[in-house]
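Asker: protein.cif is the file, holding mmCIF, C-alpha atoms:
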data_coords
#
loop_
_atom_site.label_atom_id
_atom_site.label_comp_id
_atom_site.auth_asym_id
_atom_site.auth_seq_id
_atom_site.Cartn_x
_atom_site.Cartn_y
_atom_site.Cartn_z
CA MET A 285 90.85 93.25 73.01
CA LEU A 286 88.10 90.98 71.69
CA VAL A 287 88.43 92.46 68.21
CA TRP A 288 92.09 91.40 68.06
CA VAL A 289 91.20 87.91 69.28
CA ILE A 290 88.63 87.62 66.46
CA ARG A 291 91.17 88.78 63.87
CA PHE A 292 93.78 86.32 65.17
CA LEU A 293 91.30 83.42 65.07
CA VAL A 294 90.32 84.15 61.46
CA VAL A 295 93.99 84.13 60.36
CA SER A 296 94.66 80.97 62.38
CA LEU A 297 91.71 79.24 60.71
CA VAL A 298 93.22 79.93 57.29
CA PHE A 299 96.53 78.43 58.40
CA SER A 300 94.73 75.37 59.77
CA MET A 301 93.01 74.78 56.44
CA ILE A 302 96.41 74.24 54.76
CA ARG A 303 96.72 70.80 56.37
CA VAL A 304 93.23 69.88 55.15
CA VAL A 305 94.20 70.77 51.59
CA ILE A 306 97.69 69.19 51.39
CA GLY A 307 97.26 66.27 53.77
CA PRO A 308 98.58 63.06 52.19
CA THR A 309 96.23 60.65 54.01
CA VAL A 310 92.64 60.76 55.26
CA ALA A 311 93.79 60.86 58.90
CA ASP A 312 95.72 64.11 58.28
CA ARG A 313 92.65 65.74 56.79
CA MET A 314 90.58 64.62 59.75
CA ILE A 315 93.16 66.15 62.11
CA GLY A 316 92.93 69.43 60.22
CA LEU A 317 89.13 69.37 60.28
CA ASN A 318 89.13 68.71 64.02
CA MET A 319 91.34 71.74 64.60
CA VAL A 320 89.25 73.92 62.27
CA ALA A 321 86.08 72.91 64.16
CA ALA A 322 87.63 73.74 67.53
CA GLN A 323 88.84 77.15 66.40
CA THR A 324 85.49 77.93 64.78
CA LEU A 325 83.87 77.19 68.15
CA ALA A 326 86.21 79.68 69.82
CA LEU A 327 85.46 82.24 67.06
CA LEU A 328 81.68 81.90 67.53
CA VAL A 329 81.96 82.25 71.31
CA THR A 330 84.19 85.32 71.01
CA ILE A 331 81.83 86.97 68.51
CA SER A 332 78.82 86.34 70.74
CA VAL A 333 80.59 87.76 73.80
CA SER A 334 81.73 90.85 71.89
CA MET A 335 78.21 91.50 70.53
CA GLU A 336 76.58 90.53 73.87
CA ARG A 337 74.00 88.29 72.29
CA SER A 338 73.39 85.03 74.07
CA VAL A 339 71.65 83.42 71.09
CA TYR A 340 74.96 82.82 69.31
CA LEU A 341 76.20 80.76 72.25
CA ASP A 342 73.48 78.19 71.51
CA VAL A 343 74.65 78.14 67.90
CA ALA A 344 78.20 77.50 69.15
CA LEU A 345 77.05 74.58 71.33
CA VAL A 346 75.17 72.96 68.43
CA TYR A 347 78.21 73.48 66.18
CA ASP A 348 80.42 71.74 68.73
CA ILE A 349 78.06 68.74 68.89
CA PHE A 350 77.91 68.45 65.11
CA GLY A 351 81.69 68.75 64.77
CA PHE A 352 82.13 65.79 67.12
CA LEU A 353 79.47 63.77 65.28
CA GLY A 354 81.13 64.61 61.97
CA ILE A 355 84.45 63.16 63.13
CA LEU A 356 82.63 60.02 64.32
CA VAL A 357 80.77 59.59 61.03
CA MET A 358 83.90 60.13 58.95
CA ALA A 359 85.84 57.57 61.01
CA ARG A 360 83.04 55.04 60.50
CA TYR A 361 82.74 55.80 56.78
CA PHE A 362 86.41 55.61 55.83
CA SER A 363 87.34 52.59 57.95
CA GLY A 364 87.94 49.36 56.09
CA ARG A 365 89.02 50.95 52.82
CA LYS A 366 92.71 50.24 52.84
CA GLY A 367 93.21 50.71 49.13
CA GLU A 368 91.86 54.23 49.00
CA LEU A 369 93.94 55.69 51.78
CA MET B 10 88.74 91.22 85.50
CA ASN B 11 89.85 92.53 82.12
CA ILE B 12 93.51 91.96 83.01
CA VAL B 13 92.86 88.30 83.90
CA ALA B 14 90.89 87.85 80.68
CA GLY B 15 93.81 89.38 78.75
CA VAL B 16 96.23 86.92 80.35
CA PHE B 17 94.01 83.99 79.32
CA PHE B 18 93.67 85.34 75.77
CA GLY B 19 97.47 85.66 75.55
CA LEU B 20 97.87 82.05 76.67
CA GLY B 21 95.35 80.95 74.07
CA VAL B 22 97.14 82.86 71.29
CA ILE B 23 100.51 81.31 72.26
CA PHE B 24 99.12 77.75 72.37
CA SER B 25 97.29 78.24 69.08
CA ILE B 26 100.44 79.44 67.29
CA MET B 27 102.42 76.48 68.67
CA GLY B 28 99.74 74.01 67.58
CA ASN B 29 99.54 75.44 64.07
CA ILE B 30 103.32 75.31 63.63
CA GLY B 31 103.38 71.71 64.89
CA VAL B 32 100.61 70.57 62.57
CA LEU B 33 102.33 72.17 59.58
CA LEU B 34 105.86 70.90 60.32
CA PHE B 35 105.61 67.45 61.92
CA PRO B 36 106.31 64.48 59.63
CA ASP B 37 103.65 61.93 60.62
CA ALA B 38 99.93 61.57 61.35
CA TYR B 39 100.48 60.59 64.98
CA THR B 40 102.86 63.45 65.81
CA ARG B 41 100.54 65.87 64.01
CA LEU B 42 97.70 64.49 66.10
CA GLN B 43 99.60 65.33 69.28
CA ALA B 44 100.15 68.94 68.17
CA SER B 45 96.53 69.26 67.02
CA SER B 46 95.18 67.94 70.32
CA THR B 47 97.33 70.41 72.26
CA CYS B 48 96.15 73.30 70.11
CA SER B 49 92.48 72.49 70.09
CA THR B 50 92.10 71.63 73.77
CA THR B 51 94.34 74.11 75.54
CA SER B 52 93.93 77.20 73.38
CA VAL B 53 90.15 76.91 73.01
CA LEU B 54 89.74 76.31 76.75
CA SER B 55 91.87 79.41 77.42
CA PHE B 56 89.68 81.48 75.11
CA LEU B 57 86.50 80.19 76.77
CA ILE B 58 87.79 80.92 80.30
CA GLY B 59 88.79 84.42 79.20
CA CYS B 60 85.28 84.98 77.82
CA MET B 61 83.88 83.79 81.17
CA PHE B 62 85.90 86.48 82.96
CA ILE B 63 84.53 89.13 80.59
CA THR B 64 80.86 88.21 80.85
CA GLY B 65 80.72 87.84 84.64
CA TRP B 66 77.94 86.10 86.52
CA GLY B 67 74.75 85.74 84.52
CA PRO B 68 72.88 83.65 81.96
CA MET B 69 75.76 83.81 79.46
CA PHE B 70 78.09 82.38 82.10
CA GLY B 71 75.96 79.24 82.39
CA ARG B 72 75.97 78.69 78.63
CA LEU B 73 79.72 79.23 78.47
CA LEU B 74 80.14 76.70 81.30
CA ALA B 75 78.03 74.14 79.41
CA ILE B 76 80.08 74.67 76.23
CA THR B 77 83.34 74.36 78.19
CA LEU B 78 82.33 71.12 79.89
CA PHE B 79 81.11 69.55 76.64
CA PHE B 80 84.24 70.59 74.77
CA PHE B 81 86.47 69.39 77.61
CA VAL B 82 84.88 65.94 77.29
CA THR B 83 84.64 65.59 73.50
CA SER B 84 87.98 66.98 72.32
CA PRO B 85 90.21 64.18 73.72
CA ILE B 86 87.60 61.63 72.61
CA SER B 87 87.74 62.84 69.01
CA ALA B 88 91.56 62.82 69.09
CA HIS B 89 91.45 59.23 70.33
CA ILE B 90 88.96 58.30 67.59
CA ILE B 91 91.29 59.71 64.91
CA ALA B 92 94.32 57.88 66.37
CA ARG B 93 92.39 54.59 66.50
CA PHE B 94 91.21 55.10 62.91
CA ALA B 95 94.76 55.74 61.72
CA TRP B 96 96.13 52.73 63.62
CA LYS B 97 93.46 50.34 62.36
CA ASN B 98 93.84 51.43 58.75
CA GLY B 99 97.56 50.88 58.64
CA VAL B 100 99.11 54.34 58.76
CA VAL B 101 102.79 53.60 59.32
CA ALA B 102 104.47 55.44 62.17
CA TRP B 103 107.38 57.69 61.24
CA ARG B 104 110.91 56.60 62.12
CA ARG B 105 114.12 58.48 61.80
CA ILE B 106 116.26 56.88 59.13
CA SER B 107 119.35 55.33 60.70
CA PRO B 108 122.61 56.92 59.54
CA PRO B 109 124.58 54.91 56.98
CA ARG B 110 127.36 52.78 58.32
CA LYS B 111 130.83 54.08 57.65
CA ARG B 112 132.38 50.79 56.81
CA GLU B 113 135.18 50.66 54.25
CA PRO B 114 134.51 48.18 51.48
CA SER B 115 137.15 45.51 51.70
CA ASN B 116 138.83 44.97 48.36
CA GLY B 117 140.18 41.51 49.02
#
Represent the structure from my file as structure tokens, please.

Answerer:
Amino acid sequence: MLVWVIRFLVVSLVFSMIRVVIGPTVADRMIGLNMVAAQTLALLVTISVSMERSVYLDVALVYDIFGFLGILVMARYFSGRKGEL
Amino acid sequence: MNIVAGVFFGLGVIFSIMGNIGVLLFPDAYTRLQASSTCSTTSVLSFLIGCMFITGWGPMFGRLLAITLFFFVTSPISAHIIARFAWKNGVVAWRRISPPRKREPSNG
């Protein structure tokens, strides 16, 4: 059962990357990156549960924190540039 | 326990498919943001709760609980940050174009 969840999450990640590639504005790409980060978190947790190694759960927690900080930093960096949107 | 975990995984798969279709098909940044927030919050929480039912009580359960609480707090916050960024930088909201008026041109 976990193997099929991992396969589904990998395919779903590829479909989420389409919006990052073709997004017309910066906000669309940030939406796609947010979804990719969330599904990567689910993929890491599922892999660690299927291999029964608790070390990968710490990796997943750190990845979640850095995904949130990445969205914050991108929103601060791109704000105030109306001409480049 | 495996049956309950399977039910939660099925819910997560359904929500993830719906979120991906919404993000690919919706016409605007704000509507796409709604579909993306649905997908990322609900489906990932379903996957995490299903993994909790598989692992059972133990040290992995505590780590999964910490990840779930942190993700449950930060996912709506990041969606709100993106919406505020789009609103402040002038992304125009999508409107349905009004249908053309069927008025006959008067020829004098």

Asker: Based on all atoms listed in the file, which of the residues in chain B come within 7 Å of chain A? I want them as a tab-separated table (two decimals) with C-alpha atoms, in the frame of the given file.

Answerer:
chain	number	residue	atom	x	y	z
B	29	ASN	CA	99.54	75.44	64.07
B	33	LEU	CA	102.33	72.17	59.58
B	38	ALA	CA	99.93	61.57	61.35
B	42	LEU	CA	97.70	64.49	66.10
B	45	SER	CA	96.53	69.26	67.02
B	49	SER	CA	92.48	72.49	70.09
B	53	VAL	CA	90.15	76.91	73.01
B	56	PHE	CA	89.68	81.48	75.11
B	57	LEU	CA	86.50	80.19	76.77
B	60	CYS	CA	85.28	84.98	77.82
B	69	MET	CA	75.76	83.81	79.46
B	72	ARG	CA	75.97	78.69	78.63
B	76	ILE	CA	80.08	74.67	76.23
B	83	THR	CA	84.64	65.59	73.50
B	87	SER	CA	87.74	62.84	69.01
B	91	ILE	CA	91.29	59.71	64.91
B	94	PHE	CA	91.21	55.10	62.91
B	95	ALA	CA	94.76	55.74	61.72
B	98	ASN	CA	93.84	51.43	58.75

Asker: So which residues touch B:Phe70 within 9 Å, counting only C-alpha atoms, skipping near sequence neighbours fewer than 5 positions away, as a list in words?

Answerer: Cys60, Met61, Phe62, Thr64, Gly65 and Ala75 of chain B

Asker: So which residues touch stretch 20-27 of chain B within 6 Å, counting only C-alpha atoms, skipping near sequence neighbours fewer than 5 positions away, as number ranges by chain?

Answerer: B: 48, 52, 55-56

Asker: What is the atom CA of B:Trp66 to atom CA of B:Ser84 distance in Å?

Answerer: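 Result for atom CA of B:Trp66 versus atom CA of B:Ser84: 25.8 Å, one decimal.
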
Asker: I'd like the interatomic distance between atom CA of B:Leu54 and atom CA of A:Val357, to a tenth of an Å.

Answerer: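 It comes out at 24.6 Å.
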
Asker: Could you state the separation of atom CA of B:Trp103 and atom CA of B:His89 in Å, given to one decimal place?

Answerer: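 Separation of atom CA of B:Trp103 and atom CA of B:His89: 18.4 Å.
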
Asker: From the set B:Thr51, B:Arg93, B:Phe80, B:Leu74, which residue has the shortest atom-to-atom contact distance to A:Tyr347, counting all atoms listed in the file?

Answerer: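 So, comparing all the options, the nearest one is B:Phe80.
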